[in-house]
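Structure file target_38.cif (mmCIF, C-alpha atoms) is printed below.
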```
data_final
loop_
_atom_site.label_atom_id
_atom_site.label_comp_id
_atom_site.auth_asym_id
_atom_site.auth_seq_id
_atom_site.Cartn_x
_atom_site.Cartn_y
_atom_site.Cartn_z
CA MET V 10 92.02 194.26 172.38
CA ASN V 11 88.50 195.09 171.27
CA TYR V 12 87.28 194.48 167.75
CA LYS V 13 87.47 198.16 166.77
CA ASP V 14 91.19 198.26 167.54
CA TYR V 15 91.64 194.88 165.86
CA PHE V 16 90.31 196.11 162.50
CA LYS V 17 91.73 199.65 162.57
CA GLY V 18 94.36 200.01 159.85
CA LYS V 19 94.39 196.28 159.06
CA LYS V 20 94.82 195.42 155.37
CA ILE V 21 92.17 192.84 154.50
CA LEU V 22 91.67 191.06 151.20
CA VAL V 23 88.10 189.80 150.75
CA ILE V 24 87.99 186.77 148.46
CA GLY V 25 84.56 186.17 146.95
CA LEU V 26 81.53 188.40 147.36
CA GLY V 27 79.22 185.43 147.93
CA ASP V 28 76.49 183.92 145.80
CA GLU V 29 74.06 186.69 146.79
CA LEU V 30 76.76 189.34 147.38
CA GLU V 31 76.38 188.85 151.14
CA MET V 32 79.98 189.94 151.74
CA LEU V 33 78.96 193.55 150.98
CA SER V 34 77.62 193.87 154.52
CA GLU V 35 80.90 192.52 155.93
CA ILE V 36 82.89 194.98 153.80
CA ARG V 37 80.74 197.87 155.06
CA PHE V 38 81.46 196.81 158.64
CA LEU V 39 85.21 196.55 158.03
CA LEU V 40 85.41 199.95 156.35
CA LYS V 41 83.34 201.54 159.12
CA HIS V 42 85.97 200.29 161.56
CA LYS V 43 88.85 201.74 159.52
CA ALA V 44 90.15 198.58 157.82
CA GLN V 45 91.76 198.89 154.40
CA VAL V 46 89.79 196.54 152.15
CA SER V 47 90.57 195.05 148.75
CA VAL V 48 88.24 192.66 146.94
CA PHE V 49 88.87 189.73 144.63
CA ASP V 50 86.09 187.79 142.92
CA HIS V 51 86.65 185.33 140.07
CA ARG V 52 83.37 186.31 138.40
CA SER V 53 83.32 188.87 135.61
CA GLU V 54 82.50 192.54 136.17
CA GLN V 55 79.23 191.94 134.37
CA ARG V 56 78.19 189.14 136.76
CA ILE V 57 78.89 191.24 139.86
CA SER V 58 77.97 194.61 138.36
CA ARG V 59 75.36 195.36 141.04
CA ALA V 60 78.14 195.20 143.66
CA LEU V 61 80.67 197.43 141.89
CA ILE V 62 78.92 200.76 142.47
CA PRO V 63 78.41 200.19 146.23
CA LEU V 64 82.00 198.92 146.58
CA LYS V 65 83.42 202.01 144.89
CA ALA V 66 81.09 204.30 146.86
CA LEU V 67 82.24 202.68 150.11
CA GLY V 68 85.85 203.41 149.24
CA VAL V 69 87.19 199.93 148.55
CA GLU V 70 90.80 200.43 147.47
CA THR V 71 91.17 197.64 144.91
CA ILE V 72 88.53 195.55 143.15
CA VAL V 73 89.78 192.69 140.97
CA CYS V 74 87.28 190.53 139.13
CA GLY V 75 87.12 188.16 136.23
CA ILE V 76 90.66 186.83 136.46
CA PRO V 77 92.43 184.29 138.66
CA LEU V 78 94.05 185.60 141.82
CA PRO V 79 97.57 186.70 140.87
CA GLN V 80 100.44 184.36 141.75
CA ASN V 81 101.84 186.95 144.14
CA ILE V 82 99.30 187.43 146.91
CA PRO V 83 98.99 191.14 147.74
CA GLN V 84 100.63 192.28 150.99
CA VAL V 85 97.73 191.95 153.44
CA ASP V 86 97.27 191.20 157.13
CA MET V 87 94.36 188.83 156.61
CA VAL V 88 92.14 187.24 154.01
CA LEU V 89 88.40 187.19 154.72
CA VAL V 90 86.65 184.55 152.65
CA SER V 91 83.05 184.23 151.53
CA HIS V 92 81.36 180.98 152.53
CA SER V 93 80.93 180.35 148.79
CA VAL V 94 84.69 179.76 148.52
CA PRO V 95 85.47 176.18 149.65
CA TYR V 96 88.12 175.66 152.32
CA GLU V 97 89.93 173.31 149.90
CA SER V 98 90.08 175.92 147.12
CA LYS V 99 93.36 176.19 145.22
CA VAL V 100 93.18 179.96 145.70
CA LEU V 101 93.26 179.47 149.47
CA ASP V 102 96.15 177.01 149.12
CA ARG V 103 98.19 179.84 147.60
CA VAL V 104 97.16 182.19 150.41
CA ARG V 105 98.16 179.57 153.01
CA ALA V 106 101.51 179.09 151.26
CA ALA V 107 102.08 182.85 151.53
CA GLY V 108 101.49 182.60 155.30
CA VAL V 109 98.51 184.95 155.33
CA PRO V 110 95.82 184.18 157.97
CA ILE V 111 92.51 183.08 156.45
CA GLU V 112 89.16 183.62 158.16
CA TYR V 113 85.51 183.27 157.34
CA PRO V 114 83.38 186.03 158.95
CA GLU V 115 81.77 183.42 161.21
CA THR V 116 85.03 182.03 162.55
CA LEU V 117 86.50 185.50 163.00
CA VAL V 118 83.56 186.55 165.15
CA LEU V 119 84.05 183.55 167.41
CA LYS V 120 87.74 184.41 167.82
CA LEU V 121 87.08 188.04 168.72
CA VAL V 122 84.18 187.73 171.19
CA PRO V 123 84.61 187.25 174.94
CA SER V 124 83.92 183.90 176.60
CA ILE V 125 80.61 182.54 175.29
CA THR V 126 78.78 179.26 174.73
CA VAL V 127 78.68 178.11 171.11
CA ILE V 128 76.19 175.60 169.79
CA GLY V 129 77.20 174.47 166.32
CA ILE V 130 74.71 172.95 163.90
CA VAL V 131 76.72 171.01 161.31
CA GLY V 132 75.50 169.01 158.37
CA TYR V 133 74.60 168.83 154.76
CA ALA V 134 70.81 169.17 154.92
CA GLY V 135 68.38 170.73 157.37
CA THR V 136 70.90 172.92 159.15
CA SER V 137 69.03 176.17 158.49
CA THR V 138 65.83 174.79 159.95
CA VAL V 139 67.51 173.26 163.00
CA THR V 140 69.55 176.43 163.62
CA HIS V 141 66.42 178.57 163.44
CA LEU V 142 64.50 176.24 165.75
CA VAL V 143 67.28 175.98 168.37
CA SER V 144 67.78 179.77 168.33
CA LYS V 145 64.08 180.45 168.82
CA VAL V 146 63.68 177.92 171.65
CA LEU V 147 66.79 179.10 173.49
CA GLY V 148 65.82 182.72 172.92
CA LYS V 149 62.46 182.13 174.62
CA VAL V 150 64.06 180.25 177.54
CA PHE V 151 66.82 182.77 178.20
CA GLN V 152 64.72 185.84 177.49
CA SER V 153 62.86 185.59 180.78
CA ARG V 154 65.40 183.83 183.02
CA THR V 155 68.84 185.37 182.62
CA ALA V 156 70.78 188.30 181.26
CA GLU V 157 72.39 186.11 178.60
CA LYS V 158 71.28 186.67 175.05
CA VAL V 159 71.06 184.20 172.18
CA HIS V 160 72.62 185.17 168.85
CA THR V 161 72.51 183.32 165.55
CA ILE V 162 75.26 183.01 162.97
CA ASN V 163 74.14 181.98 159.51
CA PRO V 164 76.65 182.33 156.66
CA GLU V 165 73.89 182.81 154.11
CA SER V 166 72.38 185.80 155.90
CA GLN V 167 72.45 189.15 154.16
CA ALA V 168 73.10 190.80 157.53
CA SER V 169 76.70 191.28 158.59
CA THR V 170 78.03 188.48 160.75
CA LEU V 171 80.87 190.74 161.90
CA ALA V 172 78.31 193.26 163.15
CA LEU V 173 77.40 190.74 165.85
CA LEU V 174 80.63 191.81 167.55
CA LYS V 175 78.77 194.91 168.76
CA ASN V 176 76.11 192.85 170.52
CA ILE V 177 77.72 189.70 171.89
CA THR V 178 78.82 189.97 175.50
CA LYS V 179 80.49 187.59 177.92
CA GLY V 180 78.28 184.63 178.80
CA ASP V 181 75.98 184.94 175.78
CA ILE V 182 75.02 181.97 173.62
CA VAL V 183 75.76 181.75 169.90
CA VAL V 184 73.95 179.23 167.73
CA ALA V 185 76.08 178.81 164.62
CA ARG V 186 74.94 177.17 161.41
CA ILE V 187 78.10 175.52 160.11
CA PRO V 188 77.98 174.42 156.48
CA GLU V 189 79.78 171.13 155.94
CA SER V 190 82.31 172.92 153.75
CA GLN V 191 83.32 175.15 156.69
CA ALA V 192 83.46 172.55 159.45
CA ARG V 193 87.26 172.35 159.23
CA MET V 194 87.57 176.09 159.91
CA TYR V 195 85.72 175.76 163.20
#
```

Could I get this structure in the form of structure tokens?
Amino acid sequence: MNYKDYFKGKKILVIGLGDELEMLSEIRFLLKHKAQVSVFDHRSEQRISRALIPLKALGVETIVCGIPLPQNIPQVDMVLVSHSVPYESKVLDRVRAAGVPIEYPETLVLKLVPSITVIGIVGYAGTSTVTHLVSKVLGKVFQSRTAEKVHTINPESQASTLALLKNITKGDIVVARIPESQARMY
């Protein structure tokens, strides 16, 4: 199954818009591929006000903000979580208890792409710099020698991680910056 078929008609709850609202690009991608998206963010409407207009304009079905996630998790096929929501979050414990699959955009991409090589940069400090350096060096090496391409996954990027699904092909290399808080998901 390709990623377009995977997302088509799927009910996805996005938990957390991210510190810099980086999940907006992921939501755009999901809606473009016919997913039904709902959003939950614990911050008040005032704190995420700059995201509300684009979310409504995109056609997001439900936007809940400023309150805890209800006890009854909405009927969804998947929960997509911002990297700003820790894996150990009590909210995610309730989602797990409901049996709903939980994914970060970065881990979902790696599950949906064909066979590739993944180089993970894990740690608490310096991961952005090392990820950038490794990506640049490998990009230069593979640019002139093979058909394989080098892609970079960085959870703090404003660009959509899910959009990489359009570009990654079998045999490519993905350099993934893995925040310490997400290492368990990988």

Per residue of stretch 69-100 of chain V within 8 Å of stretch 14-36 of chain V, what are the shortest atom pair and its distance in Å to one decimal, counting only C-alpha atoms, with rows by chain and residue number, as JSON lines?
```
{"residue": "V:Gln84", "atom": "CA", "partner": "V:Lys20", "partner_atom": "CA", "distance": 7.9}
{"residue": "V:Val85", "atom": "CA", "partner": "V:Lys20", "partner_atom": "CA", "distance": 4.9}
{"residue": "V:Asp86", "atom": "CA", "partner": "V:Lys20", "partner_atom": "CA", "distance": 5.2}
{"residue": "V:Met87", "atom": "CA", "partner": "V:Ile21", "partner_atom": "CA", "distance": 5.0}
{"residue": "V:Val88", "atom": "CA", "partner": "V:Leu22", "partner_atom": "CA", "distance": 4.8}
{"residue": "V:Leu89", "atom": "CA", "partner": "V:Val23", "partner_atom": "CA", "distance": 4.8}
{"residue": "V:Val90", "atom": "CA", "partner": "V:Ile24", "partner_atom": "CA", "distance": 4.9}
{"residue": "V:Ser91", "atom": "CA", "partner": "V:Gly25", "partner_atom": "CA", "distance": 5.2}
{"residue": "V:His92", "atom": "CA", "partner": "V:Gly27", "partner_atom": "CA", "distance": 6.7}
{"residue": "V:Ser93", "atom": "CA", "partner": "V:Gly27", "partner_atom": "CA", "distance": 5.4}
{"residue": "V:Val94", "atom": "CA", "partner": "V:Gly25", "partner_atom": "CA", "distance": 6.6}
```

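Pairwise distance (atom CA of V:Arg56, atom CA of V:Asn163) equals 24.2 Å.
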
Stretch 176-187 of chain V environment, 9 Å, all atoms listed in the file, sequence neighbours closer than 2 positions dropped, as a ChimeraX atom specification
/V:115,119,122-132,136-137,139-141,143-144,147,156-164,172-174,189-192,195

Nearest to V:Arg193, chosen from V:Glu112, V:Ser58, V:Gly148, V:Lys120, with only C-alpha atoms counted in the distances:
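Selected residue with least distance to V:Arg193: V:Glu112.
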
One decimal, Å: what's the distance from atom CA of V:Pro83 over to atom CA of V:Glu165, could you say?
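Distance reported for this atom pair: 27.2 Å.
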
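One finds atom CA of V:Phe49 at 14.3 Å from atom CA of V:Lys99.
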
Neighbours of V:Ile57 within 10 Å (all atoms listed in the file; same-chain residues fewer than 2 positions away dropped), as a short mmCIF file (atom, residue, chain, number, x, y, z; two decimals) with C-alpha atoms, in the frame of the given file?
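Saved as result-v4.cif:
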```cif
data_model
loop_
_atom_site.label_atom_id
_atom_site.label_comp_id
_atom_site.auth_asym_id
_atom_site.auth_seq_id
_atom_site.Cartn_x
_atom_site.Cartn_y
_atom_site.Cartn_z
CA LEU V 26 81.53 188.40 147.36
CA GLY V 27 79.22 185.43 147.93
CA ASP V 28 76.49 183.92 145.80
CA GLU V 29 74.06 186.69 146.79
CA LEU V 30 76.76 189.34 147.38
CA ASP V 50 86.09 187.79 142.92
CA HIS V 51 86.65 185.33 140.07
CA ARG V 52 83.37 186.31 138.40
CA SER V 53 83.32 188.87 135.61
CA GLU V 54 82.50 192.54 136.17
CA GLN V 55 79.23 191.94 134.37
CA ARG V 59 75.36 195.36 141.04
CA ALA V 60 78.14 195.20 143.66
CA LEU V 61 80.67 197.43 141.89
CA ILE V 62 78.92 200.76 142.47
CA CYS V 74 87.28 190.53 139.13
CA GLY V 75 87.12 188.16 136.23
#
```

Padding 3 Å on each side, edges along x, y and z: where is the centre of the box around the listed atoms of stretch 123-131 of chain V, and how long are its edges in Å to one decimal? Output it as AutoDock Vina command-line options.
```
--center_x 79.7 --center_y 179.1 --center_z 169.0 --size_x 15.9 --size_y 22.2 --size_z 21.3
```

If you count only C-alpha atoms, which residues fall within 9 Å of V:Glu70, apart from same-chain ones fewer than 2 positions away, as a list of chain:residue names?
V:Gln45, V:Val46, V:Ser47, V:Val48, V:Leu64, V:Lys65, V:Gly68, V:Ile72

Env of V:Ile82: 9 Å cut, atoms = all atoms listed in the file, seq-sep filter 5 positions within chain, self excluded. Answer as a VMD selection string.
chain V and resid 103 to 104 107 109

Keeping N, CA, C and O atoms (and nothing else), can you write stretch 22-58 of chain V of this structure as a tab-separated table (two decimals), in the first residue's frame?
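Full text of result.tsv as output:
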```tsv
chain	number	residue	atom	x	y	z
V	22	LEU	N	-6.10	11.83	14.98
V	22	LEU	CA	-6.11	12.85	16.02
V	22	LEU	C	-4.66	13.33	16.19
V	22	LEU	O	-3.77	12.53	16.47
V	23	VAL	N	-4.44	14.61	15.98
V	23	VAL	CA	-3.12	15.21	16.19
V	23	VAL	C	-3.10	15.77	17.60
V	23	VAL	O	-3.94	16.60	17.96
V	24	ILE	N	-2.15	15.29	18.40
V	24	ILE	CA	-2.02	15.79	19.77
V	24	ILE	C	-0.80	16.69	19.84
V	24	ILE	O	0.33	16.24	19.64
V	25	GLY	N	-1.04	17.95	20.11
V	25	GLY	CA	0.03	18.95	20.22
V	25	GLY	C	0.38	19.53	18.85
V	25	GLY	O	0.62	18.79	17.91
V	26	LEU	N	0.40	20.84	18.77
V	26	LEU	CA	0.78	21.51	17.53
V	26	LEU	C	2.27	21.79	17.47
V	26	LEU	O	2.77	22.22	16.43
V	27	GLY	N	2.98	21.52	18.55
V	27	GLY	CA	4.42	21.79	18.59
V	27	GLY	C	4.73	23.15	19.13
V	27	GLY	O	3.90	24.07	19.08
V	28	ASP	N	5.94	23.30	19.65
V	28	ASP	CA	6.35	24.56	20.26
V	28	ASP	C	6.27	25.72	19.28
V	28	ASP	O	5.91	26.84	19.64
V	29	GLU	N	6.62	25.47	18.02
V	29	GLU	CA	6.59	26.50	16.99
V	29	GLU	C	5.49	26.23	15.96
V	29	GLU	O	5.59	26.66	14.81
V	30	LEU	N	4.48	25.47	16.36
V	30	LEU	CA	3.35	25.11	15.51
V	30	LEU	C	3.78	24.31	14.28
V	30	LEU	O	3.15	24.38	13.22
V	31	GLU	N	4.87	23.54	14.42
V	31	GLU	CA	5.40	22.79	13.28
V	31	GLU	C	4.47	21.69	12.78
V	31	GLU	O	4.59	21.23	11.66
V	32	MET	N	3.49	21.30	13.58
V	32	MET	CA	2.55	20.26	13.14
V	32	MET	C	1.56	20.77	12.08
V	32	MET	O	0.89	19.98	11.43
V	33	LEU	N	1.50	22.08	11.88
V	33	LEU	CA	0.63	22.62	10.83
V	33	LEU	C	1.01	22.04	9.47
V	33	LEU	O	0.13	21.71	8.66
V	34	SER	N	2.30	21.92	9.19
V	34	SER	CA	2.71	21.37	7.89
V	34	SER	C	2.33	19.90	7.77
V	34	SER	O	1.96	19.43	6.69
V	35	GLU	N	2.37	19.16	8.88
V	35	GLU	CA	1.96	17.75	8.85
V	35	GLU	C	0.45	17.64	8.61
V	35	GLU	O	-0.02	16.78	7.86
V	36	ILE	N	-0.30	18.52	9.25
V	36	ILE	CA	-1.77	18.53	9.08
V	36	ILE	C	-2.13	18.85	7.64
V	36	ILE	O	-3.01	18.21	7.05
V	37	ARG	N	-1.44	19.83	7.04
V	37	ARG	CA	-1.68	20.15	5.62
V	37	ARG	C	-1.48	18.92	4.75
V	37	ARG	O	-2.28	18.62	3.87
V	38	PHE	N	-0.39	18.20	5.01
V	38	PHE	CA	-0.07	17.00	4.23
V	38	PHE	C	-1.18	15.95	4.39
V	38	PHE	O	-1.64	15.36	3.41
V	39	LEU	N	-1.59	15.71	5.62
V	39	LEU	CA	-2.63	14.71	5.87
V	39	LEU	C	-3.94	15.07	5.18
V	39	LEU	O	-4.58	14.21	4.56
V	40	LEU	N	-4.34	16.31	5.27
V	40	LEU	CA	-5.58	16.74	4.64
V	40	LEU	C	-5.49	16.67	3.12
V	40	LEU	O	-6.47	16.30	2.45
V	41	LYS	N	-4.35	17.00	2.58
V	41	LYS	CA	-4.13	16.91	1.13
V	41	LYS	C	-4.33	15.48	0.66
V	41	LYS	O	-4.77	15.24	-0.46
V	42	HIS	N	-4.00	14.52	1.51
V	42	HIS	CA	-4.12	13.11	1.16
V	42	HIS	C	-5.39	12.47	1.73
V	42	HIS	O	-5.44	11.27	1.98
V	43	LYS	N	-6.39	13.32	1.96
V	43	LYS	CA	-7.76	12.89	2.29
V	43	LYS	C	-7.94	12.23	3.65
V	43	LYS	O	-8.87	11.46	3.85
V	44	ALA	N	-7.06	12.54	4.60
V	44	ALA	CA	-7.27	12.06	5.98
V	44	ALA	C	-8.28	12.98	6.66
V	44	ALA	O	-8.43	14.15	6.28
V	45	GLN	N	-8.98	12.45	7.65
V	45	GLN	CA	-9.88	13.25	8.46
V	45	GLN	C	-9.13	13.59	9.74
V	45	GLN	O	-8.79	12.70	10.51
V	46	VAL	N	-8.86	14.87	9.94
V	46	VAL	CA	-7.98	15.30	11.02
V	46	VAL	C	-8.73	16.08	12.10
V	46	VAL	O	-9.52	16.97	11.79
V	47	SER	N	-8.45	15.72	13.35
V	47	SER	CA	-8.89	16.48	14.51
V	47	SER	C	-7.63	16.87	15.28
V	47	SER	O	-6.62	16.18	15.22
V	48	VAL	N	-7.71	17.97	16.02
V	48	VAL	CA	-6.54	18.49	16.72
V	48	VAL	C	-6.86	18.71	18.19
V	48	VAL	O	-7.93	19.24	18.52
V	49	PHE	N	-5.92	18.30	19.04
V	49	PHE	CA	-6.00	18.60	20.47
V	49	PHE	C	-4.69	19.25	20.89
V	49	PHE	O	-3.61	18.76	20.56
V	50	ASP	N	-4.78	20.35	21.58
V	50	ASP	CA	-3.60	21.01	22.15
V	50	ASP	C	-4.01	21.53	23.53
V	50	ASP	O	-5.05	22.16	23.66
V	51	HIS	N	-3.18	21.25	24.53
V	51	HIS	CA	-3.54	21.65	25.90
V	51	HIS	C	-3.43	23.15	26.14
V	51	HIS	O	-3.95	23.67	27.11
V	52	ARG	N	-2.78	23.88	25.23
V	52	ARG	CA	-2.65	25.33	25.39
V	52	ARG	C	-3.96	26.03	25.08
V	52	ARG	O	-4.80	25.51	24.36
V	53	SER	N	-4.12	27.22	25.61
V	53	SER	CA	-5.35	27.98	25.41
V	53	SER	C	-5.46	28.46	23.96
V	53	SER	O	-4.47	28.53	23.24
V	54	GLU	N	-6.70	28.82	23.57
V	54	GLU	CA	-6.92	29.37	22.23
V	54	GLU	C	-6.05	30.60	22.00
V	54	GLU	O	-5.55	30.81	20.90
V	55	GLN	N	-5.89	31.39	23.03
V	55	GLN	CA	-5.09	32.60	22.91
V	55	GLN	C	-3.63	32.27	22.58
V	55	GLN	O	-3.02	32.91	21.74
V	56	ARG	N	-3.08	31.24	23.23
V	56	ARG	CA	-1.67	30.88	23.01
V	56	ARG	C	-1.43	30.28	21.63
V	56	ARG	O	-0.32	30.36	21.12
V	57	ILE	N	-2.44	29.66	21.05
V	57	ILE	CA	-2.24	29.08	19.71
V	57	ILE	C	-3.10	29.79	18.66
V	57	ILE	O	-3.38	29.25	17.60
V	58	SER	N	-3.46	31.03	18.94
V	58	SER	CA	-4.38	31.77	18.07
V	58	SER	C	-3.87	31.86	16.63
V	58	SER	O	-4.67	31.80	15.69
```
